[in-house]
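Below is target.cif, holding mmCIF, C-alpha atoms.
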```
data_run
loop_
_atom_site.label_atom_id
_atom_site.label_comp_id
_atom_site.auth_asym_id
_atom_site.auth_seq_id
_atom_site.Cartn_x
_atom_site.Cartn_y
_atom_site.Cartn_z
CA MET A 1 -14.12 26.29 14.05
CA PRO A 2 -11.26 25.96 11.51
CA GLN A 3 -12.05 24.00 8.38
CA THR A 4 -10.55 20.53 8.24
CA GLN A 5 -8.04 20.12 5.43
CA ARG A 6 -8.45 17.01 3.32
CA TYR A 7 -5.81 15.26 1.24
CA ARG A 8 -6.96 12.87 -1.45
CA PHE A 9 -4.72 10.25 -3.03
CA ALA A 10 -5.77 8.00 -5.93
CA GLY A 11 -3.66 5.09 -7.08
CA HIS A 12 -2.55 1.61 -6.08
CA ILE A 13 -1.15 -0.07 -2.99
CA ALA A 14 0.76 -3.36 -3.13
CA GLY A 15 2.15 -5.28 -0.20
CA ALA A 16 4.29 -8.42 -0.03
CA GLY A 17 5.92 -10.54 2.62
CA THR A 18 9.17 -12.33 1.78
CA ALA A 19 10.86 -15.51 2.97
CA SER A 20 13.60 -13.38 4.57
CA GLY A 21 11.04 -11.80 6.90
CA VAL A 22 11.32 -8.41 5.17
CA ARG A 23 8.00 -6.87 4.17
CA LEU A 24 7.38 -4.37 1.40
CA VAL A 25 4.56 -1.90 0.78
CA LEU A 26 4.34 0.22 -2.36
CA GLY A 27 2.13 3.27 -2.75
CA SER A 28 1.87 4.30 -6.40
CA TRP A 29 -0.22 7.46 -6.66
CA VAL A 30 -1.61 8.74 -9.95
CA HIS A 31 -3.23 11.78 -8.30
CA SER A 32 -2.15 13.44 -5.05
CA PRO A 33 -1.61 16.92 -3.58
CA PHE A 34 2.05 16.45 -4.59
CA GLY A 35 1.39 15.26 -8.12
CA PRO A 36 2.04 11.68 -9.29
CA PHE A 37 4.62 9.84 -7.19
CA ALA A 38 5.45 6.50 -5.60
CA ASP A 39 6.90 5.64 -2.21
CA VAL A 40 7.97 2.41 -0.52
CA MET A 41 7.88 1.16 3.07
CA ILE A 42 10.36 -1.58 3.99
CA GLU A 43 10.01 -3.42 7.28
CA ARG A 44 13.07 -5.43 8.23
CA ALA A 45 12.78 -8.82 9.93
CA ASP A 46 13.62 -7.16 13.28
CA GLY A 47 10.65 -4.81 12.92
CA THR A 48 12.51 -1.61 12.07
CA ARG A 49 10.87 0.40 9.30
CA VAL A 50 12.37 2.37 6.44
CA LEU A 51 10.55 4.86 4.22
CA ILE A 52 11.88 5.60 0.74
CA ALA A 53 10.27 8.72 -0.74
CA PRO A 54 11.15 10.63 -3.92
CA THR A 55 11.24 14.16 -2.46
CA GLU A 56 11.72 15.91 0.87
CA THR A 57 8.13 17.20 0.74
CA VAL A 58 6.66 13.73 0.28
CA ALA A 59 9.00 12.27 2.90
CA GLU A 60 7.96 14.87 5.48
CA PHE A 61 4.25 14.34 4.83
CA VAL A 62 4.38 10.54 4.97
CA ALA A 63 6.70 10.48 8.00
CA ALA A 64 4.32 12.84 9.81
CA THR A 65 1.47 10.42 9.14
CA TYR A 66 3.12 7.06 9.87
CA VAL A 67 5.96 5.88 12.10
CA PHE A 68 9.38 5.05 10.63
CA ASP A 69 12.81 4.39 12.10
CA GLU A 70 14.61 5.73 9.02
CA VAL A 71 13.58 7.99 6.15
CA ARG A 72 15.48 8.06 2.88
CA VAL A 73 14.92 10.53 0.04
CA GLU A 74 15.78 8.65 -3.14
CA PRO A 75 14.28 8.34 -6.63
CA VAL A 76 11.38 5.88 -6.82
CA HIS A 77 10.45 4.57 -10.26
CA VAL A 78 7.52 2.29 -11.12
CA GLN A 79 6.98 0.61 -14.48
CA VAL A 80 3.80 -1.33 -15.25
CA THR A 81 3.11 -3.55 -18.25
CA GLY A 82 -0.31 -5.09 -18.89
CA ARG A 83 -3.57 -4.32 -17.12
CA ARG A 84 -4.97 -5.57 -13.82
CA ARG A 85 -4.64 -9.37 -13.66
CA HIS A 86 -1.27 -10.55 -14.98
CA SER A 87 0.10 -7.00 -15.02
CA ARG A 88 3.81 -6.89 -14.22
CA TRP A 89 5.30 -4.24 -11.97
CA ARG A 90 8.93 -3.19 -11.67
CA VAL A 91 9.89 -0.97 -8.75
CA SER A 92 13.27 0.73 -8.32
CA ALA A 93 13.78 2.71 -5.11
CA GLY A 94 17.35 3.39 -4.09
CA SER A 95 18.93 0.00 -3.42
CA LEU A 96 15.55 -1.78 -3.62
CA HIS A 97 14.66 -3.66 -6.80
CA TRP A 98 11.24 -5.31 -6.69
CA LYS A 99 9.28 -7.14 -9.36
CA PHE A 100 5.82 -8.62 -8.89
CA THR A 101 2.96 -9.99 -10.96
CA VAL A 102 -0.69 -9.32 -10.15
CA GLY A 103 -2.82 -12.45 -9.86
CA ALA A 104 -6.46 -13.39 -9.48
CA ARG A 105 -9.21 -11.29 -7.98
CA PRO A 106 -10.66 -12.93 -4.82
CA PRO A 107 -14.42 -12.74 -4.07
CA VAL A 108 -13.97 -9.55 -2.04
CA GLY A 109 -12.53 -7.89 -5.16
CA TYR A 110 -15.75 -8.54 -7.10
CA VAL A 111 -17.80 -7.04 -4.26
CA LEU A 112 -15.65 -3.91 -4.23
CA ARG A 113 -15.99 -3.55 -8.00
CA ALA A 114 -19.79 -3.50 -7.62
CA VAL A 115 -19.84 -0.55 -5.18
CA PRO A 116 -20.66 2.80 -6.87
CA PRO A 117 -17.52 5.01 -6.68
CA VAL A 118 -19.47 7.96 -5.21
CA LEU A 119 -20.49 5.77 -2.26
CA GLY A 120 -17.19 3.93 -2.03
CA ARG A 121 -15.22 7.14 -1.45
CA THR A 122 -17.20 8.27 1.61
CA ARG A 123 -16.00 8.03 5.19
CA ALA A 124 -19.31 6.41 6.17
CA TRP A 125 -18.76 3.56 3.72
CA ALA A 126 -15.18 3.15 4.95
CA GLY A 127 -16.65 2.62 8.42
CA VAL A 128 -18.83 -0.18 7.08
CA THR A 129 -16.02 -1.87 5.17
CA ASP A 130 -13.69 -1.52 8.16
CA ARG A 131 -15.98 -3.65 10.32
CA VAL A 132 -16.25 -6.29 7.59
CA ALA A 133 -12.51 -6.26 6.84
CA ARG A 134 -11.60 -6.97 10.47
CA ILE A 135 -13.50 -10.27 10.19
CA VAL A 136 -12.94 -11.29 6.57
CA MET A 137 -9.32 -10.13 6.20
CA PRO A 138 -7.59 -9.98 9.61
CA GLY A 139 -4.95 -7.24 9.71
CA VAL A 140 -6.76 -5.00 7.22
CA ARG A 141 -8.29 -1.68 8.27
CA THR A 142 -9.99 0.89 6.06
CA LEU A 143 -10.68 3.59 8.68
CA GLY A 144 -8.56 4.81 11.57
CA THR A 145 -6.33 7.48 13.02
CA ALA A 146 -2.89 8.34 11.70
CA GLY A 147 -0.11 10.63 12.92
CA ASN A 148 -0.68 14.23 14.08
CA GLY A 149 -4.35 13.56 14.82
CA ARG A 150 -5.19 12.78 11.20
CA VAL A 151 -8.13 10.56 10.33
CA GLU A 152 -7.46 8.28 7.38
CA TRP A 153 -9.71 6.09 5.29
CA TYR A 154 -9.28 3.90 2.23
CA ALA A 155 -11.78 3.64 -0.60
CA ALA A 156 -10.72 0.39 -2.24
CA HIS A 157 -12.37 -0.26 -5.61
CA ASP A 158 -10.68 -3.58 -6.37
CA LEU A 159 -8.47 -6.24 -4.83
CA HIS A 160 -6.04 -8.75 -6.35
CA ARG A 161 -3.61 -11.25 -4.92
CA LEU A 162 0.02 -11.14 -5.95
CA HIS A 163 0.85 -14.12 -8.13
CA ALA A 164 4.62 -13.81 -7.83
CA SER A 165 7.16 -11.47 -6.26
CA TRP A 166 10.95 -11.10 -6.31
CA ALA A 167 12.93 -8.43 -4.49
CA GLN A 168 16.51 -7.49 -3.77
CA TRP A 169 17.47 -4.87 -1.20
CA GLU A 170 20.96 -3.59 -0.52
CA GLY A 171 22.34 -6.43 -2.65
CA VAL A 172 20.52 -9.19 -0.73
CA ASP A 173 17.88 -11.43 -2.31
CA LEU A 174 14.82 -11.28 -0.05
CA GLY A 175 13.50 -14.70 -1.04
CA ALA A 176 10.17 -15.97 -2.29
CA LEU A 177 6.73 -14.49 -1.68
CA ALA A 178 5.56 -15.37 1.84
CA PRO A 179 2.66 -14.51 4.19
CA GLY A 180 2.93 -10.97 5.49
CA GLY A 181 2.43 -11.66 9.17
CA PRO A 182 0.79 -9.17 11.56
CA PRO A 183 0.26 -5.62 10.32
CA PRO A 184 3.28 -3.33 10.59
CA PRO A 185 2.60 -0.48 13.03
CA ILE A 186 2.86 2.30 10.45
CA GLY A 187 -0.78 3.25 10.05
CA VAL A 188 -4.29 1.87 10.18
CA GLY A 189 -3.74 -1.50 8.57
CA SER A 190 -1.81 -3.91 6.42
CA GLY A 191 -2.26 -6.29 3.54
CA PRO A 192 -4.42 -9.36 4.17
CA ARG A 193 -2.81 -12.68 5.02
CA PRO A 194 -3.57 -15.17 2.25
CA PRO A 195 -5.50 -18.32 3.18
CA PRO A 196 -3.45 -21.54 3.36
CA GLY A 197 -2.49 -22.70 -0.10
CA ALA A 198 -3.39 -19.42 -1.79
CA PRO A 199 -0.89 -17.90 -4.22
#
```
Let me see whether you can do it: turn the structure in this file into structure tokens.
Amino acid sequence: MPQTQRYRFAGHIAGAGTASGVRLVLGSWVHSPFGPFADVMIERADGTRVLIAPTETVAEFVAATYVFDEVRVEPVHVQVTGRRRHSRWRVSAGSLHWKFTVGARPPVGYVLRAVPPVLGRTRAWAGVTDRVARIVMPGVRTLGTAGNGRVEWYAAHDLHRLHASWAQWEGVDLGALAPGGPPPPIGVGSGPRPPPGAP
């Protein structure tokens, strides 16, 4: 039986809904099989999905894992100031300019912080957290299948809400931070919908 090839990515994922109906997801990877990089998924209000990736290699890998209507190879730059809560992120990806501020850690974040990393990275633990996430954070999945028969799992070690977000894409202001809606059909899950009144 051929040995299964594993790809490990370590970094951060941020997702935001906007008043315009456009949704944004950033993957900022410190370690990956392709070295450090960042990529962005943009879902338009009509449901069409655009991937912006920094290289052809990254674009091909991500597009073979998730479903997109358009793939663009353009420079993606991420600048972070501060640490964790209150850190400020600036993202430039082609014609997308996105700024957001990280906010408070909800109770689930404290639970994740308490899990030993060795356990938290396992597929078995992802199966446990997946069942909990379906109930506690509708729309979030931590274990599932991706494109080309790949199995994917997330080992989240922390969780923060976004305190503020501003984005402009193709010269259009996308409006204020808004609930993300149902998960975009690009992979195994999405960002959690905030409870009513939450920042």
**Item:** Pairwise distance for atom CA of A:Gln168 and atom CA of A:His97, rounded to one decimal in Å
**Value:**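 Computed distance, atom CA of A:Gln168 to atom CA of A:His97, equals 5.2 Å.
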**Message:** As an exercise, work out the distance from atom CA of A:Pro33 to atom CA of A:Val108 in Å and give it to one decimal place.
**Reply:** 29.3 Å
**Prompt:** Which residues come within 12 Å of A:Arg90, counting all atoms listed in the file, excluding same-chain residues fewer than 6 positions away, as JSON, numbers by chain?
**Reply:** {"A": [14, 26, 28, 38, 76, 77, 78, 79, 80, 81, 82, 96, 97, 98, 99, 100, 101, 102, 165, 166, 167, 168]}
Could the residues in this selection be written to a file with C-alpha atoms, as a PDB file, in the coordinates of the input?
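Dumped to out-v4.pdb:
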```
ATOM      1  CA  ALA A  14       0.760  -3.360  -3.130  1.00  0.00           C
ATOM      2  CA  LEU A  26       4.340   0.220  -2.360  1.00  0.00           C
ATOM      3  CA  SER A  28       1.870   4.300  -6.400  1.00  0.00           C
ATOM      4  CA  ALA A  38       5.450   6.500  -5.600  1.00  0.00           C
ATOM      5  CA  VAL A  76      11.380   5.880  -6.820  1.00  0.00           C
ATOM      6  CA  HIS A  77      10.450   4.570 -10.260  1.00  0.00           C
ATOM      7  CA  VAL A  78       7.520   2.290 -11.120  1.00  0.00           C
ATOM      8  CA  GLN A  79       6.980   0.610 -14.480  1.00  0.00           C
ATOM      9  CA  VAL A  80       3.800  -1.330 -15.250  1.00  0.00           C
ATOM     10  CA  THR A  81       3.110  -3.550 -18.250  1.00  0.00           C
ATOM     11  CA  GLY A  82      -0.310  -5.090 -18.890  1.00  0.00           C
ATOM     12  CA  LEU A  96      15.550  -1.780  -3.620  1.00  0.00           C
ATOM     13  CA  HIS A  97      14.660  -3.660  -6.800  1.00  0.00           C
ATOM     14  CA  TRP A  98      11.240  -5.310  -6.690  1.00  0.00           C
ATOM     15  CA  LYS A  99       9.280  -7.140  -9.360  1.00  0.00           C
ATOM     16  CA  PHE A 100       5.820  -8.620  -8.890  1.00  0.00           C
ATOM     17  CA  THR A 101       2.960  -9.990 -10.960  1.00  0.00           C
ATOM     18  CA  VAL A 102      -0.690  -9.320 -10.150  1.00  0.00           C
ATOM     19  CA  SER A 165       7.160 -11.470  -6.260  1.00  0.00           C
ATOM     20  CA  TRP A 166      10.950 -11.100  -6.310  1.00  0.00           C
ATOM     21  CA  ALA A 167      12.930  -8.430  -4.490  1.00  0.00           C
ATOM     22  CA  GLN A 168      16.510  -7.490  -3.770  1.00  0.00           C
TER      23      GLN A 168
END
```
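Of the residues listed (A:Phe9, A:Trp125, A:Tyr154, A:Phe61), A:Phe9 shows the shortest atom-to-atom separation from A:Pro36; distances use all atoms listed in the file.
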**7 Å contact set for A:Asp158, all atoms listed in the file, chain neighbours under 3 positions out, as a PyMOL selection string** = chain A and resi 109+112-113
